[in-house]
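Participant: To be precise about what I am sending: the file is called start35.cif and holds mmCIF, C-alpha atoms and all ligand atoms.
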data_upload
loop_
_atom_site.label_atom_id
_atom_site.label_comp_id
_atom_site.auth_asym_id
_atom_site.auth_seq_id
_atom_site.Cartn_x
_atom_site.Cartn_y
_atom_site.Cartn_z
CA MET A 1 82.35 -75.94 37.18
CA LYS A 2 78.92 -75.52 35.66
CA GLU A 3 79.08 -75.70 31.89
CA LEU A 4 78.06 -72.42 30.33
CA THR A 5 76.07 -72.20 27.11
CA PRO A 6 78.48 -72.32 24.19
CA LEU A 7 79.21 -69.14 22.30
CA VAL A 8 80.04 -71.13 19.22
CA SER A 9 80.06 -74.82 18.36
CA LEU A 10 81.40 -76.51 15.27
CA SER A 11 80.16 -80.04 14.57
CA SER A 12 81.86 -82.11 11.88
CA ALA A 13 82.37 -78.83 10.06
CA GLY A 14 84.35 -78.66 6.84
CA ILE A 15 85.18 -76.32 3.98
CA GLU A 16 85.69 -77.47 0.41
CA ARG A 17 87.09 -75.35 -2.39
CA ALA A 18 87.56 -76.47 -5.98
CA GLY A 19 87.11 -80.13 -5.11
CA ARG A 20 89.57 -80.02 -2.21
CA TRP A 21 88.73 -80.17 1.48
CA LEU A 22 90.69 -77.41 3.18
CA VAL A 23 89.60 -78.70 6.54
CA ARG A 24 87.14 -81.35 7.56
CA ASN A 25 85.41 -82.96 10.55
CA VAL A 26 86.09 -80.14 12.96
CA ASP A 27 84.35 -80.37 16.32
CA LEU A 28 85.00 -77.62 18.78
CA THR A 29 83.17 -75.48 21.28
CA VAL A 30 84.04 -72.17 22.89
CA ARG A 31 82.22 -71.15 26.07
CA PRO A 32 82.28 -67.81 27.91
CA GLY A 33 85.55 -67.28 29.77
CA GLU A 34 87.25 -70.15 27.96
CA ILE A 35 90.36 -69.97 25.79
CA VAL A 36 90.53 -72.51 23.00
CA THR A 37 93.72 -72.59 20.96
CA LEU A 38 94.10 -73.95 17.45
CA ILE A 39 97.52 -75.28 16.61
CA GLY A 40 98.87 -77.17 13.62
CA PRO A 41 101.26 -76.82 10.70
CA ASN A 42 101.03 -74.15 8.02
CA GLY A 43 98.08 -74.72 5.75
CA SER A 44 96.42 -77.13 8.18
CA GLY A 45 93.17 -75.17 8.23
CA LYS A 46 93.49 -73.04 11.35
CA SER A 47 92.42 -69.74 9.78
CA THR A 48 89.73 -71.52 7.78
CA THR A 49 88.37 -73.00 11.00
CA ALA A 50 88.49 -69.64 12.75
CA LYS A 51 86.55 -68.11 9.86
CA MET A 52 83.88 -70.78 10.17
CA ALA A 53 83.57 -69.95 13.86
CA LEU A 54 83.27 -66.27 13.00
CA GLY A 55 80.64 -66.88 10.36
CA VAL A 56 82.85 -65.47 7.60
CA LEU A 57 82.82 -68.90 5.92
CA ARG A 58 79.78 -71.14 5.84
CA PRO A 59 80.62 -74.83 6.29
CA ASP A 60 80.16 -77.07 3.25
CA GLU A 61 79.46 -79.97 5.55
CA GLY A 62 78.60 -80.21 9.22
CA ALA A 63 77.25 -77.29 11.21
CA VAL A 64 78.28 -74.17 13.06
CA GLU A 65 76.03 -72.81 15.77
CA ARG A 66 76.50 -69.42 17.32
CA LYS A 67 74.70 -67.99 20.31
CA SER A 68 72.08 -65.53 19.17
CA LYS A 69 73.19 -61.89 19.07
CA LEU A 70 76.77 -62.99 19.59
CA ARG A 71 79.17 -60.03 19.55
CA VAL A 72 82.45 -60.99 17.96
CA GLY A 73 85.84 -59.27 18.01
CA TYR A 74 88.35 -60.41 15.41
CA VAL A 75 92.08 -59.90 15.08
CA PRO A 76 92.86 -61.28 11.63
CA GLN A 77 96.20 -62.63 10.50
CA LYS A 78 96.33 -60.07 7.73
CA VAL A 79 94.82 -56.64 7.39
CA ALA A 80 94.17 -54.77 4.17
CA VAL A 81 95.44 -51.28 4.83
CA ASP A 82 97.16 -48.92 2.40
CA TRP A 83 100.33 -48.24 4.36
CA THR A 84 101.27 -45.28 2.17
CA LEU A 85 98.29 -43.29 3.46
CA PRO A 86 98.44 -41.43 6.75
CA LEU A 87 96.36 -43.30 9.32
CA THR A 88 96.38 -42.66 13.03
CA VAL A 89 95.66 -45.34 15.60
CA GLU A 90 92.40 -43.56 16.43
CA ARG A 91 91.23 -43.63 12.81
CA PHE A 92 92.37 -47.21 12.44
CA MET A 93 90.16 -48.11 15.41
CA HIS A 94 87.13 -46.70 13.59
CA LEU A 95 87.82 -48.37 10.24
CA THR A 96 85.62 -51.36 10.95
CA GLY A 97 82.83 -49.26 12.46
CA ARG A 98 82.40 -46.23 14.68
CA ILE A 99 83.33 -46.81 18.32
CA PRO A 100 81.92 -44.60 21.11
CA VAL A 101 84.62 -42.33 22.58
CA ALA A 102 84.43 -43.85 26.06
CA GLU A 103 84.88 -47.35 24.68
CA LEU A 104 87.75 -46.23 22.50
CA ASP A 105 89.46 -44.64 25.52
CA ASN A 106 88.94 -47.79 27.55
CA ALA A 107 90.24 -50.11 24.86
CA LEU A 108 93.37 -48.00 24.30
CA ALA A 109 94.01 -47.82 28.04
CA ARG A 110 93.36 -51.55 28.47
CA THR A 111 95.96 -52.37 25.84
CA ASN A 112 98.43 -49.74 27.15
CA ILE A 113 98.56 -47.67 24.00
CA SER A 114 96.66 -44.53 25.05
CA HIS A 115 99.82 -42.52 24.33
CA LEU A 116 99.79 -43.77 20.73
CA ARG A 117 96.28 -42.55 19.92
CA GLN A 118 97.48 -39.96 17.38
CA ALA A 119 100.50 -41.95 16.22
CA GLU A 120 100.69 -43.08 12.60
CA VAL A 121 99.94 -46.76 12.37
CA ARG A 122 102.80 -47.30 9.93
CA VAL A 123 105.40 -46.23 12.49
CA LEU A 124 104.20 -48.58 15.22
CA SER A 125 106.35 -51.47 16.33
CA GLY A 126 105.06 -54.99 15.76
CA GLY A 127 103.93 -55.26 19.38
CA GLU A 128 102.25 -51.85 19.35
CA PHE A 129 100.39 -52.68 16.17
CA GLN A 130 99.12 -55.97 17.57
CA ARG A 131 97.89 -54.04 20.61
CA ALA A 132 96.07 -51.62 18.33
CA MET A 133 94.43 -54.59 16.60
CA LEU A 134 93.48 -56.02 19.97
CA ALA A 135 92.16 -52.65 21.15
CA ARG A 136 89.96 -52.43 18.08
CA ALA A 137 88.65 -55.95 18.64
CA ILE A 138 87.79 -55.44 22.32
CA ALA A 139 86.32 -51.95 21.95
CA ARG A 140 82.84 -53.34 21.30
CA LYS A 141 83.00 -55.68 24.28
CA PRO A 142 82.76 -58.91 22.34
CA ASP A 143 81.35 -62.14 23.74
CA LEU A 144 83.77 -64.03 21.53
CA LEU A 145 87.25 -62.86 20.60
CA VAL A 146 88.92 -64.59 17.66
CA LEU A 147 92.67 -64.00 17.46
CA ASP A 148 94.56 -65.27 14.45
CA GLU A 149 98.21 -65.32 15.50
CA PRO A 150 98.00 -62.33 17.80
CA VAL A 151 101.74 -62.17 18.48
CA GLN A 152 103.10 -62.15 14.94
CA GLY A 153 105.95 -59.70 14.52
CA VAL A 154 106.36 -59.43 18.30
CA ASP A 155 109.54 -60.30 20.18
CA TYR A 156 109.61 -62.90 22.92
CA SER A 157 109.10 -60.64 25.92
CA GLY A 158 106.46 -58.74 23.98
CA GLU A 159 104.71 -62.05 23.33
CA ILE A 160 104.55 -62.86 27.01
CA ALA A 161 103.13 -59.43 27.76
CA LEU A 162 100.55 -59.78 25.01
CA TYR A 163 99.39 -63.18 26.16
CA GLU A 164 99.12 -61.88 29.70
CA LEU A 165 97.02 -59.06 28.36
CA ILE A 166 94.80 -61.50 26.46
CA GLY A 167 94.37 -63.52 29.66
CA SER A 168 93.32 -60.47 31.65
CA ILE A 169 90.95 -59.33 28.89
CA ARG A 170 89.28 -62.72 29.06
CA GLN A 171 88.90 -62.27 32.79
CA GLU A 172 87.58 -58.73 32.63
CA LEU A 173 85.22 -59.14 29.71
CA GLY A 174 84.33 -62.74 30.53
CA CYS A 175 84.52 -63.41 26.82
CA GLY A 176 85.45 -66.67 25.17
CA ILE A 177 88.62 -66.65 23.08
CA LEU A 178 89.42 -68.72 20.03
CA MET A 179 93.08 -68.23 19.29
CA ILE A 180 95.53 -69.48 16.71
CA SER A 181 99.03 -69.93 18.00
CA HIS A 182 102.26 -71.59 17.01
CA ASP A 183 103.84 -71.50 20.40
CA LEU A 184 103.55 -74.44 22.72
CA HIS A 185 104.56 -72.48 25.79
CA VAL A 186 101.65 -70.18 25.19
CA VAL A 187 99.30 -73.02 24.53
CA MET A 188 100.34 -74.58 27.80
CA ALA A 189 100.20 -71.45 29.86
CA ALA A 190 97.17 -69.70 28.55
CA THR A 191 94.61 -72.08 27.20
CA ASP A 192 91.87 -74.34 28.44
CA GLN A 193 91.54 -76.48 25.36
CA VAL A 194 93.95 -77.22 22.54
CA VAL A 195 92.70 -78.32 19.14
CA CYS A 196 95.41 -79.61 16.84
CA LEU A 197 94.53 -79.43 13.17
CA ASN A 198 96.06 -81.13 10.20
CA GLY A 199 93.28 -80.79 7.65
CA HIS A 200 91.07 -82.33 10.33
CA VAL A 201 91.14 -82.46 14.11
CA CYS A 202 94.22 -84.47 14.87
CA CYS A 203 93.80 -84.35 18.63
CA GLN A 204 92.30 -82.10 21.23
CA GLY A 205 92.00 -81.72 24.95
CA ALA A 206 93.28 -79.92 28.02
CA PRO A 207 96.99 -79.14 28.00
CA THR A 208 97.55 -80.11 31.64
CA THR A 209 99.54 -83.26 30.97
CA VAL A 210 102.05 -81.41 28.87
CA ALA A 211 102.23 -78.64 31.44
CA ALA A 212 103.41 -81.23 33.99
CA SER A 213 106.15 -82.54 31.74
CA PRO A 214 109.82 -81.84 32.52
CA GLU A 215 110.26 -80.27 29.09
CA TYR A 216 107.56 -77.76 29.83
CA GLN A 217 108.97 -76.97 33.25
CA ARG A 218 112.42 -76.54 31.81
CA LEU A 219 110.98 -74.20 29.25
CA PHE A 220 109.31 -72.02 31.80
CA GLY A 221 112.17 -72.23 34.21
CA THR A 222 114.53 -70.90 31.58
CA HIS A 223 112.34 -68.13 30.39
CA SER A 224 115.18 -66.62 28.40
CA ALA A 225 114.67 -64.53 25.34
CA SER A 226 115.72 -67.27 22.99
CA ALA A 227 113.69 -70.08 24.52
CA ILE A 228 110.99 -71.23 22.20
CA ALA A 229 108.85 -74.27 22.18
CA VAL A 230 107.98 -76.14 19.05
CA TYR A 231 105.01 -78.41 19.21
CA GLU A 232 105.67 -81.40 17.06
CA HIS A 233 104.17 -84.74 16.64
CA HIS A 234 103.91 -87.16 13.83
CA HIS A 235 101.08 -87.11 11.41
CA ASP A 236 101.18 -90.60 10.00
CA HIS A 237 98.52 -90.19 7.38
CA THR A 238 97.85 -87.81 4.56
CA HIS A 239 94.63 -86.04 3.67
CA LEU A 240 94.04 -86.30 -0.05
CA PRO A 241 92.56 -83.39 -1.98
CA ASP A 242 89.20 -85.16 -2.27
CA GLY A 243 88.95 -85.48 1.50
CA ARG A 244 89.87 -89.15 1.71
CA VAL A 245 92.72 -90.33 3.88
CA ARG A 246 95.81 -92.28 2.80
CA HIS A 247 97.37 -94.23 5.67
CA ALA A 248 100.99 -95.19 6.26
CA ASP A 249 100.32 -98.66 4.82
CA GLY A 250 99.00 -97.13 1.59
CA SER A 251 95.34 -97.92 2.26
CA ILE A 252 92.79 -95.21 1.59
CA THR A 253 89.65 -94.59 3.63
CA GLU A 254 86.87 -92.02 3.58
CA HIS A 255 87.86 -90.51 6.95
CA CYS A 256 90.53 -91.04 9.55
CA HIS A 257 89.57 -93.06 12.57
CA HIS A 258 90.50 -93.18 16.19
CA GLU A 259 92.43 -96.37 15.54
CA ASP A 260 94.71 -94.48 13.18
CA GLY A 261 98.32 -94.08 14.18
CA HIS A 262 98.34 -90.56 15.43
CA HIS A 263 95.06 -91.12 17.22
CA ASP A 264 96.67 -93.82 19.36
CA HIS A 265 97.43 -91.12 21.83
CA ASP A 266 94.35 -89.09 21.16
CA SER A 267 93.16 -88.91 24.71
CA ASP A 268 96.62 -88.57 26.12
CA HIS A 269 98.21 -86.95 23.18
CA GLN A 270 99.59 -84.29 25.39
CA LYS A 271 101.97 -86.84 26.84
CA ASP A 272 103.67 -87.19 23.57
CA PRO A 273 104.71 -83.91 22.04
CA GLU A 274 108.35 -83.24 21.47
CA VAL A 275 109.08 -80.01 23.17
CA MET A 276 112.28 -78.51 21.99
CA ALA A 277 113.50 -75.73 24.16
CA GLY A 278 116.28 -73.33 23.50
CA GLU A 279 115.92 -73.07 19.77
CA GLU A 280 116.23 -69.72 18.22
CA LYS A 281 112.86 -68.25 17.52
CA THR A 282 112.16 -68.47 13.83
CA GLU A 283 110.56 -65.90 11.63
CA LYS A 284 106.85 -65.90 12.28
CA GLY A 285 105.16 -65.02 9.04
CA GLN A 286 105.21 -61.54 7.68
CA ALA A 287 106.05 -58.28 9.31
CA GLY A 288 103.37 -57.35 11.78
CA HIS A 289 101.36 -54.71 10.06
CA ALA A 290 101.90 -55.18 6.41
CA GLY A 291 101.04 -58.80 6.72
N1 LIG B 1 89.61 -69.59 -0.72
C1 LIG B 1 90.45 -70.62 -0.84
N2 LIG B 1 90.48 -71.37 -1.95
C2 LIG B 1 91.32 -72.41 -2.08
N3 LIG B 1 92.20 -72.77 -1.11
C3 LIG B 1 92.23 -72.06 0.02
C4 LIG B 1 91.35 -70.95 0.23
N4 LIG B 1 91.61 -70.44 1.45
C5 LIG B 1 92.58 -71.21 1.98
N5 LIG B 1 92.96 -72.17 1.12
C6 LIG B 1 93.96 -73.25 1.38
O1 LIG B 1 93.45 -73.99 2.47
C7 LIG B 1 94.51 -74.48 3.28
C8 LIG B 1 94.28 -74.07 4.71
O2 LIG B 1 94.47 -72.68 4.82
P1 LIG B 1 94.47 -71.93 6.22
O3 LIG B 1 94.76 -70.48 5.96
O4 LIG B 1 93.21 -72.25 6.94
O5 LIG B 1 95.69 -72.64 6.96
P2 LIG B 1 96.42 -72.25 8.32
O6 LIG B 1 96.50 -73.48 9.14
O7 LIG B 1 95.76 -71.06 8.96
O8 LIG B 1 97.87 -71.88 7.79
P3 LIG B 1 99.02 -70.86 8.34
O9 LIG B 1 99.57 -71.44 9.61
O10 LIG B 1 100.01 -70.90 7.23
O11 LIG B 1 98.37 -69.52 8.52
C9 LIG B 1 95.77 -73.92 2.68
O12 LIG B 1 96.35 -74.93 1.88
C10 LIG B 1 95.30 -72.76 1.80
O13 LIG B 1 96.15 -72.57 0.70
#
Starting from the file, give its structure as C-alpha cells.
Ligand SMILES: Nc1ncnc2c1ncn2[C@@H]1O[C@H](COP(=O)(O)OP(=O)(O)OP(=O)(O)O)[C@@H](O)[C@H]1O

Facilitator:
Amino acid sequence: MKELTPLVSLSSAGIERAGRWLVRNVDLTVRPGEIVTLIGPNGSGKSTTAKMALGVLRPDEGAVERKSKLRVGYVPQKVAVDWTLPLTVERFMHLTGRIPVAELDNALARTNISHLRQAEVRVLSGGEFQRAMLARAIARKPDLLVLDEPVQGVDYSGEIALYELIGSIRQELGCGILMISHDLHVVMAATDQVVCLNGHVCCQGAPTTVAASPEYQRLFGTHSASAIAVYEHHHDHTHLPDGRVRHADGSITEHCHHEDGHHDHDSDHQKDPEVMAGEEKTEKGQAGHAG
C-alpha cells in the first residue's frame, strides 16, 4: 500500500513539568485511514501524548508536525460540563463551535442517536453519552480523530458496538484515528499500529502476531459479556522524575536503549503479552459523563 502523507508525526517528543518528564522520546505517525492505539498503565503518558498530537501541548523536546490545515476531532477523557444545568444533546453538540444543521443531522444519524437530539445530556446512558461525544467530534469531518478512552462507562456489548462504529467512521471519513484504549481485544481487532507507553515508548508495531495467538482466538471465540483482555508485560526499568532511567541492576542511564530488558522483544513484542481472558471487567475510570 502506498504510504500516505502523515496527518501528524511525533519525533522524540516529550513533555516536562516541574522538573519531571511526563513522557519522553515518543515517535509515532498517524496517516489517513489508519488507526493508531496508545496503550499503557495509568499515568504512563497516553493523554499527554494525545495532547501533543492535537497541538494542545507543545513538546518540550523533540518535534510534532501536523499536516497544514489539519481538521481535528477530539473526544477527551474528561469534559467540563455543569451537569446541574439543563443541556440537550443538540446544544451539547454546539458547545465547542456552531455546527451546520445538515452536518449535525448526519453526525447524530451516523452515531445512531438522532432520537436523542432533544434529550438531556445528564440522563443519557454511558454508551449514549460517548456516542454524543463522538457525534460532536465527527460533525466537522475531521482529518484526524483523537479518542481518549472512547468506551469509558460503556458495557461490554456497547464497547463492541462503539468500536465497530469507530471503524466504520474511519472508513467513511477516511480519517486517521489516534485512540487511547485499555482493552487488548480492541487493540487487536481494530488497530493498525499499537504504541505502548510507560513514560516513553516501550514498544510499538502491528498487532498481527498477537491476533494469531491462541489466547486472542480464545478471547474472540468466547465473546461473552464477562470476557476481558488485559494487556500486560513487564517493565523492567523505571523512569526517574528527571527523565533518566534506572535499570533492574540499579544502573542509571540518560535514556533507555533497545538492549534494555523489555526491549528484548521490541520487534516481536506482540508475541509476549499475557492475555488473560475471562476476568471480570474492572471499573474503567469515572462514570461516563461526569468524568
Ligand atoms: N500539567 C501537569 N503537571 C504535572 N503533571 C502532570 C500534568 N499533566 C499530567 N501530569 C502527570 O503526568 C503523568 C501522565 O499523565 P497522563 O494523563 O498522560 O497519563 P495516562 O497514561 O493518560 O493515564 P490514565 O490511563 O490514568 O488516563 C501522570 O503522572 C500525571 O499525573

Participant: Can I get the residues close to ligand LIG 1 (chain B) as a PyMOL selection string, where close means within 6 Å and we count only C-alpha atoms and all ligand atoms?

Facilitator: chain A and resi 17+22+41-48

Participant: Interatomic distance between atom CA of Ser9 of chain A and atom CA of Thr37 of chain A?

Facilitator: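 Atom-to-atom, atom CA of Ser9 of chain A and atom CA of Thr37 of chain A are spaced 14.1 Å apart.
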
Participant: Which one of A:Val8, A:Val194, A:Met133, A:Ile39 sits closest to Ser68 of chain A if you count only C-alpha atoms?

Facilitator: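 Closest to Ser68 of chain A of all the choices is A:Val8.
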
Participant: Using only C-alpha atoms, find the one residue out of A:Leu145, A:Ala63, A:Leu10, A:Ala119 that sits nearest to Leu178 of chain A.

Facilitator: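 Among the listed residues, A:Leu145 lies closest to Leu178 of chain A.
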
Participant: Given the choices A:Val154, A:Val75, A:Ile166, A:Leu54, which gets closest to Ala190 of chain A if the distance is worked out from all atoms listed in the file?

Facilitator: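 Using all atoms listed in the file, Ala190 of chain A sits closest to A:Ile166.
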
Participant: Looking at only C-alpha atoms, which of A:Leu147, A:Ala161, A:Val23, A:Val123 is the one that sits closest to Pro76 of chain A?

Facilitator: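 Under the stated criterion, the closest residue is A:Leu147.
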
Participant: How many Å lie between atom CA of Leu124 of chain A and atom CA of Gly97 of chain A, rounded to one decimal?

Facilitator: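 Between atom CA of Leu124 of chain A and atom CA of Gly97 of chain A the gap works out to 21.6 Å.
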
Participant: What is the distance, in Å and to one decimal place, between atom CA of Ala107 of chain A and atom CA of Phe92 of chain A?

Facilitator: 12.9 Å

Participant: Go through A:Val245, A:Leu87, A:Ala132, A:Cys203 and flag the residue nearest Leu108 of chain A, using only C-alpha atoms for the distances.

Facilitator: A:Ala132

Participant: Just checking: using all atoms listed in the file, which residue out of A:Gly62, A:Glu172, A:Val72, A:Leu85 ends up closest to Arg110 of chain A?

Facilitator: A:Glu172

Participant: Need to verify the contact set: Pro59 of chain A, 10 Å, all atoms listed in the file, exclusion of same-chain residues closer than 4 positions in sequence. Can you return it as an NGL selection string?

Facilitator: :A and (10-16 or 23-24 or 48-49 or 51-53 or 55 or 63-64)
